[in-house]
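Visitor: As input, take data.pdb (PDB, C-alpha atoms, pLDDT in the B column):
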MODEL        1
ATOM      1  CA  MET B   1     -33.715 179.807  76.680  1.00 49.00           C
ATOM      2  CA  ALA B   2     -33.604 182.666  79.106  1.00 54.00           C
ATOM      3  CA  ALA B   3     -36.742 184.706  79.712  1.00 58.00           C
ATOM      4  CA  SER B   4     -35.489 187.450  77.384  1.00 67.00           C
ATOM      5  CA  GLY B   5     -35.382 185.021  74.491  1.00 81.00           C
ATOM      6  CA  SER B   6     -31.607 184.853  74.280  1.00 90.00           C
ATOM      7  CA  PRO B   7     -29.919 181.561  75.143  1.00 94.00           C
ATOM      8  CA  THR B   8     -27.978 180.976  78.310  1.00 96.00           C
ATOM      9  CA  TRP B   9     -24.654 180.061  76.734  1.00 96.00           C
ATOM     10  CA  LEU B  10     -22.614 177.171  78.053  1.00 97.00           C
ATOM     11  CA  ASP B  11     -19.651 178.153  80.173  1.00 96.00           C
ATOM     12  CA  GLY B  12     -16.210 176.670  79.488  1.00 97.00           C
ATOM     13  CA  GLY B  13     -16.640 173.579  81.645  1.00 97.00           C
ATOM     14  CA  GLU B  14     -20.176 172.937  80.386  1.00 97.00           C
ATOM     15  CA  ALA B  15     -19.081 173.312  76.760  1.00 98.00           C
ATOM     16  CA  THR B  16     -16.170 170.904  77.223  1.00 98.00           C
ATOM     17  CA  ALA B  17     -18.389 168.321  78.944  1.00 97.00           C
ATOM     18  CA  TRP B  18     -21.025 168.704  76.216  1.00 98.00           C
ATOM     19  CA  ARG B  19     -18.482 168.258  73.391  1.00 98.00           C
ATOM     20  CA  ARG B  20     -17.098 165.137  75.071  1.00 97.00           C
ATOM     21  CA  PHE B  21     -20.585 163.727  75.569  1.00 97.00           C
ATOM     22  CA  ILE B  22     -21.422 164.355  71.879  1.00 98.00           C
ATOM     23  CA  ALA B  23     -18.137 162.741  70.828  1.00 98.00           C
ATOM     24  CA  VAL B  24     -19.045 159.571  72.761  1.00 97.00           C
ATOM     25  CA  VAL B  25     -22.605 159.615  71.377  1.00 96.00           C
ATOM     26  CA  GLU B  26     -21.206 159.862  67.840  1.00 97.00           C
ATOM     27  CA  LEU B  27     -18.244 157.456  68.114  1.00 98.00           C
ATOM     28  CA  LEU B  28     -19.573 154.599  70.245  1.00 97.00           C
ATOM     29  CA  PRO B  29     -22.413 153.474  67.935  1.00 96.00           C
ATOM     30  CA  GLY B  30     -19.942 153.097  65.061  1.00 97.00           C
ATOM     31  CA  ILE B  31     -17.624 150.965  67.191  1.00 98.00           C
ATOM     32  CA  LEU B  32     -20.498 148.725  68.332  1.00 98.00           C
ATOM     33  CA  ASP B  33     -21.890 148.486  64.804  1.00 98.00           C
ATOM     34  CA  ALA B  34     -18.502 147.627  63.266  1.00 98.00           C
ATOM     35  CA  GLN B  35     -17.897 144.767  65.724  1.00 98.00           C
ATOM     36  CA  LEU B  36     -21.383 143.325  65.223  1.00 98.00           C
ATOM     37  CA  ARG B  37     -21.162 143.566  61.422  1.00 98.00           C
ATOM     38  CA  ARG B  38     -17.717 141.954  61.380  1.00 98.00           C
ATOM     39  CA  ASP B  39     -18.407 139.166  63.872  1.00 97.00           C
ATOM     40  CA  ALA B  40     -22.123 138.448  63.403  1.00 98.00           C
ATOM     41  CA  GLY B  41     -23.313 140.080  60.183  1.00 98.00           C
ATOM     42  CA  LEU B  42     -25.716 142.240  62.203  1.00 98.00           C
ATOM     43  CA  THR B  43     -26.148 145.960  62.637  1.00 97.00           C
ATOM     44  CA  HIS B  44     -26.312 147.313  66.167  1.00 97.00           C
ATOM     45  CA  PHE B  45     -30.027 147.944  65.654  1.00 97.00           C
ATOM     46  CA  ASP B  46     -30.527 144.340  64.436  1.00 98.00           C
ATOM     47  CA  TYR B  47     -28.860 143.182  67.649  1.00 98.00           C
ATOM     48  CA  ILE B  48     -31.058 145.455  69.779  1.00 97.00           C
ATOM     49  CA  VAL B  49     -34.162 143.992  68.106  1.00 98.00           C
ATOM     50  CA  LEU B  50     -32.974 140.416  68.637  1.00 98.00           C
ATOM     51  CA  THR B  51     -31.960 140.959  72.267  1.00 97.00           C
ATOM     52  CA  THR B  52     -35.219 142.764  73.041  1.00 97.00           C
ATOM     53  CA  LEU B  53     -37.115 139.749  71.701  1.00 98.00           C
ATOM     54  CA  SER B  54     -34.802 137.391  73.606  1.00 98.00           C
ATOM     55  CA  GLU B  55     -35.852 139.067  76.865  1.00 96.00           C
ATOM     56  CA  ALA B  56     -39.597 139.020  76.102  1.00 96.00           C
ATOM     57  CA  THR B  57     -42.032 136.377  77.317  1.00 95.00           C
ATOM     58  CA  ASP B  58     -42.024 133.521  74.785  1.00 96.00           C
ATOM     59  CA  HIS B  59     -39.490 135.620  72.824  1.00 98.00           C
ATOM     60  CA  THR B  60     -42.474 137.393  71.226  1.00 97.00           C
ATOM     61  CA  LEU B  61     -43.686 141.006  71.100  1.00 96.00           C
ATOM     62  CA  ARG B  62     -46.276 142.903  69.132  1.00 96.00           C
ATOM     63  CA  MET B  63     -44.532 144.915  66.399  1.00 96.00           C
ATOM     64  CA  SER B  64     -45.874 148.200  67.780  1.00 94.00           C
ATOM     65  CA  ARG B  65     -44.487 147.429  71.254  1.00 94.00           C
ATOM     66  CA  LEU B  66     -41.128 146.334  69.829  1.00 96.00           C
ATOM     67  CA  ALA B  67     -41.001 149.598  67.894  1.00 95.00           C
ATOM     68  CA  ARG B  68     -41.606 151.573  71.116  1.00 93.00           C
ATOM     69  CA  GLU B  69     -39.022 149.576  73.087  1.00 93.00           C
ATOM     70  CA  THR B  70     -36.350 150.003  70.397  1.00 94.00           C
ATOM     71  CA  ASN B  71     -37.229 153.631  69.623  1.00 93.00           C
ATOM     72  CA  ALA B  72     -37.974 152.749  65.993  1.00 95.00           C
ATOM     73  CA  THR B  73     -40.655 153.821  63.600  1.00 96.00           C
ATOM     74  CA  LEU B  74     -42.896 151.006  62.397  1.00 95.00           C
ATOM     75  CA  PRO B  75     -41.606 151.352  58.810  1.00 96.00           C
ATOM     76  CA  ARG B  76     -37.976 151.077  59.973  1.00 97.00           C
ATOM     77  CA  LEU B  77     -38.764 148.109  62.205  1.00 97.00           C
ATOM     78  CA  SER B  78     -40.737 146.426  59.407  1.00 96.00           C
ATOM     79  CA  HIS B  79     -37.755 146.779  57.059  1.00 97.00           C
ATOM     80  CA  VAL B  80     -35.377 145.324  59.660  1.00 98.00           C
ATOM     81  CA  ALA B  81     -37.852 142.542  60.510  1.00 98.00           C
ATOM     82  CA  SER B  82     -38.047 141.598  56.819  1.00 98.00           C
ATOM     83  CA  ARG B  83     -34.279 141.361  56.634  1.00 97.00           C
ATOM     84  CA  LEU B  84     -34.070 139.297  59.832  1.00 98.00           C
ATOM     85  CA  GLU B  85     -36.963 137.100  58.713  1.00 98.00           C
ATOM     86  CA  LYS B  86     -35.187 136.278  55.435  1.00 98.00           C
ATOM     87  CA  ARG B  87     -32.240 135.067  57.535  1.00 98.00           C
ATOM     88  CA  GLY B  88     -34.541 132.888  59.654  1.00 98.00           C
ATOM     89  CA  LEU B  89     -33.860 134.877  62.830  1.00 98.00           C
ATOM     90  CA  VAL B  90     -37.444 136.048  63.440  1.00 98.00           C
ATOM     91  CA  GLU B  91     -40.974 135.210  62.325  1.00 98.00           C
ATOM     92  CA  ARG B  92     -43.885 137.581  61.904  1.00 96.00           C
ATOM     93  CA  VAL B  93     -47.426 136.288  62.444  1.00 93.00           C
ATOM     94  CA  ALA B  94     -50.882 137.729  62.934  1.00 92.00           C
ATOM     95  CA  SER B  95     -51.500 138.306  66.625  1.00 90.00           C
ATOM     96  CA  ASP B  96     -53.683 135.693  68.332  1.00 85.00           C
ATOM     97  CA  ASP B  97     -55.652 138.313  70.259  1.00 85.00           C
ATOM     98  CA  ASP B  98     -55.936 140.939  67.495  1.00 83.00           C
ATOM     99  CA  ARG B  99     -55.728 139.671  63.910  1.00 81.00           C
ATOM    100  CA  ARG B 100     -55.055 143.238  62.687  1.00 87.00           C
ATOM    101  CA  ALA B 101     -51.821 143.359  64.691  1.00 92.00           C
ATOM    102  CA  THR B 102     -48.570 141.566  63.930  1.00 95.00           C
ATOM    103  CA  ASP B 103     -46.416 139.756  66.454  1.00 96.00           C
ATOM    104  CA  ILE B 104     -42.737 139.081  65.941  1.00 98.00           C
ATOM    105  CA  THR B 105     -41.010 136.064  67.478  1.00 98.00           C
ATOM    106  CA  LEU B 106     -37.359 135.205  67.853  1.00 98.00           C
ATOM    107  CA  THR B 107     -36.784 131.811  66.217  1.00 98.00           C
ATOM    108  CA  GLU B 108     -34.484 129.106  67.567  1.00 98.00           C
ATOM    109  CA  THR B 109     -31.965 130.233  64.948  1.00 98.00           C
ATOM    110  CA  GLY B 110     -32.387 133.806  66.197  1.00 98.00           C
ATOM    111  CA  TRP B 111     -31.858 132.710  69.791  1.00 98.00           C
ATOM    112  CA  ALA B 112     -28.702 130.847  68.765  1.00 98.00           C
ATOM    113  CA  LYS B 113     -27.506 134.018  66.996  1.00 98.00           C
ATOM    114  CA  VAL B 114     -28.046 136.090  70.157  1.00 98.00           C
ATOM    115  CA  VAL B 115     -26.203 133.525  72.286  1.00 98.00           C
ATOM    116  CA  ALA B 116     -23.302 133.359  69.817  1.00 98.00           C
ATOM    117  CA  THR B 117     -23.119 137.144  69.367  1.00 98.00           C
ATOM    118  CA  ALA B 118     -23.423 138.312  72.974  1.00 98.00           C
ATOM    119  CA  PRO B 119     -19.854 137.489  74.129  1.00 98.00           C
ATOM    120  CA  GLY B 120     -18.199 139.586  71.400  1.00 98.00           C
ATOM    121  CA  HIS B 121     -20.620 142.438  71.983  1.00 98.00           C
ATOM    122  CA  VAL B 122     -19.970 142.397  75.735  1.00 98.00           C
ATOM    123  CA  ASP B 123     -16.207 142.319  75.109  1.00 98.00           C
ATOM    124  CA  THR B 124     -16.564 145.421  72.904  1.00 98.00           C
ATOM    125  CA  VAL B 125     -18.685 147.235  75.497  1.00 98.00           C
ATOM    126  CA  ARG B 126     -16.152 146.351  78.197  1.00 98.00           C
ATOM    127  CA  ALA B 127     -13.121 147.372  76.138  1.00 98.00           C
ATOM    128  CA  ASN B 128     -14.577 150.715  75.066  1.00 98.00           C
ATOM    129  CA  VAL B 129     -16.546 151.783  78.152  1.00 98.00           C
ATOM    130  CA  ILE B 130     -16.869 149.620  81.247  1.00 98.00           C
ATOM    131  CA  ASP B 131     -13.248 148.551  81.797  1.00 98.00           C
ATOM    132  CA  LEU B 132     -12.069 152.166  81.445  1.00 98.00           C
ATOM    133  CA  LEU B 133     -14.078 153.117  84.527  1.00 98.00           C
ATOM    134  CA  ASP B 134     -13.697 152.273  88.192  1.00 98.00           C
ATOM    135  CA  PRO B 135     -16.725 151.203  90.282  1.00 97.00           C
ATOM    136  CA  GLU B 136     -17.361 154.785  91.418  1.00 98.00           C
ATOM    137  CA  ASP B 137     -17.320 155.962  87.772  1.00 98.00           C
ATOM    138  CA  ILE B 138     -19.838 153.233  86.864  1.00 97.00           C
ATOM    139  CA  ALA B 139     -22.128 154.384  89.674  1.00 98.00           C
ATOM    140  CA  ASP B 140     -21.728 158.008  88.493  1.00 98.00           C
ATOM    141  CA  LEU B 141     -22.418 157.054  84.885  1.00 97.00           C
ATOM    142  CA  ASP B 142     -25.559 155.180  85.928  1.00 95.00           C
ATOM    143  CA  ARG B 143     -26.749 158.111  88.056  1.00 96.00           C
ATOM    144  CA  LEU B 144     -26.072 160.666  85.319  1.00 96.00           C
ATOM    145  CA  MET B 145     -27.727 158.635  82.548  1.00 94.00           C
ATOM    146  CA  ALA B 146     -30.764 158.040  84.789  1.00 93.00           C
ATOM    147  CA  LYS B 147     -31.111 161.823  85.265  1.00 94.00           C
ATOM    148  CA  ILE B 148     -30.954 162.445  81.514  1.00 94.00           C
ATOM    149  CA  LEU B 149     -33.316 159.564  80.712  1.00 93.00           C
ATOM    150  CA  VAL B 150     -35.991 161.045  83.008  1.00 93.00           C
ATOM    151  CA  ARG B 151     -36.280 163.808  80.400  1.00 94.00           C
ATOM    152  CA  LEU B 152     -35.563 161.857  77.201  1.00 93.00           C
ATOM    153  CA  ASP B 153     -37.488 158.668  78.060  1.00 90.00           C
ATOM    154  CA  PRO B 154     -40.102 159.505  80.711  1.00 90.00           C
ATOM    155  CA  ASP B 155     -42.087 156.332  79.890  1.00 86.00           C
ATOM    156  CA  HIS B 156     -38.978 154.139  80.379  1.00 86.00           C
ATOM    157  CA  ARG B 157     -39.361 152.552  76.921  1.00 84.00           C
ATOM    158  CA  MET B 158     -35.622 152.120  76.498  1.00 79.00           C
ATOM    159  CA  ALA B 159     -34.803 151.169  80.095  1.00 62.00           C
ATOM    160  CA  GLY B 160     -32.214 148.455  80.182  1.00 51.00           C
ATOM    161  CA  ARG B 161     -31.406 148.447  76.461  1.00 50.00           C
ATOM    162  CA  GLY B 162     -27.870 148.359  75.305  1.00 47.00           C
TER     163      GLY B 162
ENDMDL
END
Output the structure of this file as structure tokens.
Guide:
Amino acid sequence: MAASGSPTWLDGGEATAWRRFIAVVELLPGILDAQLRRDAGLTHFDYIVLTTLSEATDHTLRMSRLARETNATLPRLSHVASRLEKRGLVERVASDDDRRATDITLTETGWAKVVATAPGHVDTVRANVIDLLDPEDIADLDRLMAKILVRLDPDHRMAGRG
């Protein structure tokens, strides 16, 4: 807001860029989710949880850390973990170093699911974003998202997720 309390309205170019950005933010998750549901029986968030665990040491994280890294509330993550646990994709156990805390581990079945699911997910990301851009566009996209993430994610919790 401007000092007087009235907003500084977006000019024509800013408004167009903003509307296009919002359109991508709204449309892309649905495309990613639809492919993952169709091909793997997973939601996009399920896949983010599984891939985050796949990248962790021993494929294990404390639930509270996994919640931070996936930008989830603990209740939401607990619900998703229950669903994934019923499918044999993850296990929840009391933490070795703090019995009050819960760790979540990607099972061998979960790892196999990530390995089987990743190619279709990457194909969808390529078809809908990456392959539409030239190398300079990719560098620009990276630079622009990094600038925005400095404000939205100053602790770098979501760095590298996708």
Visitor: Between atom CA of Val93 of chain B and atom CA of His121 of chain B, measure the distance and give it in Å to one decimal.
Guide: 29.1 Å
Visitor: Quick one: pull the distance between atom CA of Thr107 of chain B and atom CA of Asp39 of chain B, Å, one decimal.
Guide: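 Distance reported for this atom pair: 19.9 Å.
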Visitor: Could you jot down the atom CA of Pro75 of chain B to atom CA of Tyr47 of chain B separation for me, Å, one decimal place?
Guide: 17.5 Å
Visitor: Counting only C-alpha atoms, figure out which residue out of B:Gly12, B:Pro154, B:Pro135, B:Gly120 gets nearest to Asp33 of chain B.
Guide: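 Smallest distance to Asp33 of chain B is found for B:Gly120.
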Visitor: Could you write out as a PDB file with C-alpha atoms, keeping the file's coordinate frame the residues that the PyMOL selection byres ((chain B and resi 40) around 10) matches in the shown file?
Guide:
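Written file, out.pdb:
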ATOM      1  CA  ALA B  34     -18.502 147.627  63.266  1.00 98.00           C
ATOM      2  CA  GLN B  35     -17.897 144.767  65.724  1.00 98.00           C
ATOM      3  CA  LEU B  36     -21.383 143.325  65.223  1.00 98.00           C
ATOM      4  CA  ARG B  37     -21.162 143.566  61.422  1.00 98.00           C
ATOM      5  CA  ARG B  38     -17.717 141.954  61.380  1.00 98.00           C
ATOM      6  CA  ASP B  39     -18.407 139.166  63.872  1.00 97.00           C
ATOM      7  CA  GLY B  41     -23.313 140.080  60.183  1.00 98.00           C
ATOM      8  CA  LEU B  42     -25.716 142.240  62.203  1.00 98.00           C
ATOM      9  CA  THR B  43     -26.148 145.960  62.637  1.00 97.00           C
ATOM     10  CA  TYR B  47     -28.860 143.182  67.649  1.00 98.00           C
ATOM     11  CA  LYS B 113     -27.506 134.018  66.996  1.00 98.00           C
ATOM     12  CA  VAL B 114     -28.046 136.090  70.157  1.00 98.00           C
ATOM     13  CA  ALA B 116     -23.302 133.359  69.817  1.00 98.00           C
ATOM     14  CA  THR B 117     -23.119 137.144  69.367  1.00 98.00           C
ATOM     15  CA  ALA B 118     -23.423 138.312  72.974  1.00 98.00           C
ATOM     16  CA  GLY B 120     -18.199 139.586  71.400  1.00 98.00           C
ATOM     17  CA  HIS B 121     -20.620 142.438  71.983  1.00 98.00           C
TER      18      HIS B 121
END
Visitor: From the list B:Val90, B:Val80, B:Val49, B:Ala146, which residue is nearest Arg68 of chain B when using only C-alpha atoms?
Guide: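 Smallest separation from Arg68 of chain B among the options: B:Val49.
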Visitor: Please evaluate the PyMOL selection byres ((chain B and resi 59) around 9) against the displayed coordinates and give the resulting residues as JSON, numbers by chain.
Guide: {"B": [52, 53, 54, 55, 56, 57, 58, 60, 61, 104, 105, 106, 107, 111]}
Visitor: Give as a ChimeraX atom specification each residue that has an atom at most 12 Å from (-52.1, 138.1, 65.6) in the file, counting all atoms listed in the file.
Guide: /B:60-63,91-105
Visitor: Counting all atoms listed in the file, what is within 8 Å of Leu74 of chain B, bar same-chain residues fewer than 4 positions away, as JSON, numbers by chain?
Guide: {"B": [63, 64, 67, 78]}
Visitor: Take the residues from that selection and write them out as a PDB file, in the frame of the given file, keeping C-alpha atoms.
Guide:
ATOM      1  CA  MET B  63     -44.532 144.915  66.399  1.00 96.00           C
ATOM      2  CA  SER B  64     -45.874 148.200  67.780  1.00 94.00           C
ATOM      3  CA  ALA B  67     -41.001 149.598  67.894  1.00 95.00           C
ATOM      4  CA  SER B  78     -40.737 146.426  59.407  1.00 96.00           C
TER       5      SER B  78
END
Visitor: Could you pull segment 35-53 of chain B out of the structure just shown and give N, CA and C atoms as an mmCIF file, in the first residue's frame?
Guide:
data_model
loop_
_atom_site.group_PDB
_atom_site.id
_atom_site.type_symbol
_atom_site.label_atom_id
_atom_site.label_comp_id
_atom_site.auth_asym_id
_atom_site.auth_seq_id
_atom_site.Cartn_x
_atom_site.Cartn_y
_atom_site.Cartn_z
ATOM 1 N N GLN B 35 -2.665 -36.294 -13.719
ATOM 2 C CA GLN B 35 -1.746 -37.313 -14.239
ATOM 3 C C GLN B 35 -1.368 -38.299 -13.144
ATOM 4 N N LEU B 36 -1.038 -37.796 -11.962
ATOM 5 C CA LEU B 36 -0.623 -38.676 -10.867
ATOM 6 C C LEU B 36 -1.768 -39.571 -10.397
ATOM 7 N N ARG B 37 -2.977 -39.026 -10.327
ATOM 8 C CA ARG B 37 -4.133 -39.849 -9.940
ATOM 9 C C ARG B 37 -4.388 -40.945 -10.971
ATOM 10 N N ARG B 38 -4.346 -40.571 -12.239
ATOM 11 C CA ARG B 38 -4.619 -41.523 -13.321
ATOM 12 C C ARG B 38 -3.556 -42.619 -13.384
ATOM 13 N N ASP B 39 -2.291 -42.228 -13.346
ATOM 14 C CA ASP B 39 -1.204 -43.174 -13.589
ATOM 15 C C ASP B 39 -0.692 -43.883 -12.337
ATOM 16 N N ALA B 40 -0.864 -43.273 -11.162
ATOM 17 C CA ALA B 40 -0.246 -43.841 -9.959
ATOM 18 C C ALA B 40 -1.188 -43.942 -8.772
ATOM 19 N N GLY B 41 -2.409 -43.413 -8.898
ATOM 20 C CA GLY B 41 -3.324 -43.443 -7.763
ATOM 21 C C GLY B 41 -2.860 -42.571 -6.608
ATOM 22 N N LEU B 42 -2.122 -41.510 -6.928
ATOM 23 C CA LEU B 42 -1.602 -40.586 -5.921
ATOM 24 C C LEU B 42 -2.086 -39.174 -6.215
ATOM 25 N N THR B 43 -2.234 -38.382 -5.178
ATOM 26 C CA THR B 43 -2.433 -36.949 -5.383
ATOM 27 C C THR B 43 -1.057 -36.317 -5.565
ATOM 28 N N HIS B 44 -1.029 -35.097 -6.048
ATOM 29 C CA HIS B 44 0.244 -34.395 -6.176
ATOM 30 C C HIS B 44 0.894 -34.245 -4.810
ATOM 31 N N PHE B 45 0.098 -33.955 -3.784
ATOM 32 C CA PHE B 45 0.675 -33.824 -2.441
ATOM 33 C C PHE B 45 1.220 -35.163 -1.945
ATOM 34 N N ASP B 46 0.515 -36.271 -2.207
ATOM 35 C CA ASP B 46 1.051 -37.597 -1.851
ATOM 36 C C ASP B 46 2.442 -37.761 -2.465
ATOM 37 N N TYR B 47 2.552 -37.416 -3.741
ATOM 38 C CA TYR B 47 3.809 -37.578 -4.467
ATOM 39 C C TYR B 47 4.899 -36.692 -3.863
ATOM 40 N N ILE B 48 4.553 -35.477 -3.490
ATOM 41 C CA ILE B 48 5.525 -34.585 -2.845
ATOM 42 C C ILE B 48 6.014 -35.205 -1.540
ATOM 43 N N VAL B 49 5.112 -35.756 -0.750
ATOM 44 C CA VAL B 49 5.506 -36.413 0.506
ATOM 45 C C VAL B 49 6.452 -37.576 0.220
ATOM 46 N N LEU B 50 6.087 -38.434 -0.718
ATOM 47 C CA LEU B 50 6.912 -39.599 -1.027
ATOM 48 C C LEU B 50 8.281 -39.193 -1.579
ATOM 49 N N THR B 51 8.322 -38.211 -2.469
ATOM 50 C CA THR B 51 9.618 -37.817 -3.028
ATOM 51 C C THR B 51 10.475 -37.096 -1.993
ATOM 52 N N THR B 52 9.859 -36.343 -1.096
ATOM 53 C CA THR B 52 10.624 -35.705 -0.027
ATOM 54 C C THR B 52 11.274 -36.772 0.847
ATOM 55 N N LEU B 53 10.525 -37.807 1.191
ATOM 56 C CA LEU B 53 11.098 -38.910 1.970
ATOM 57 C C LEU B 53 12.166 -39.643 1.169
#
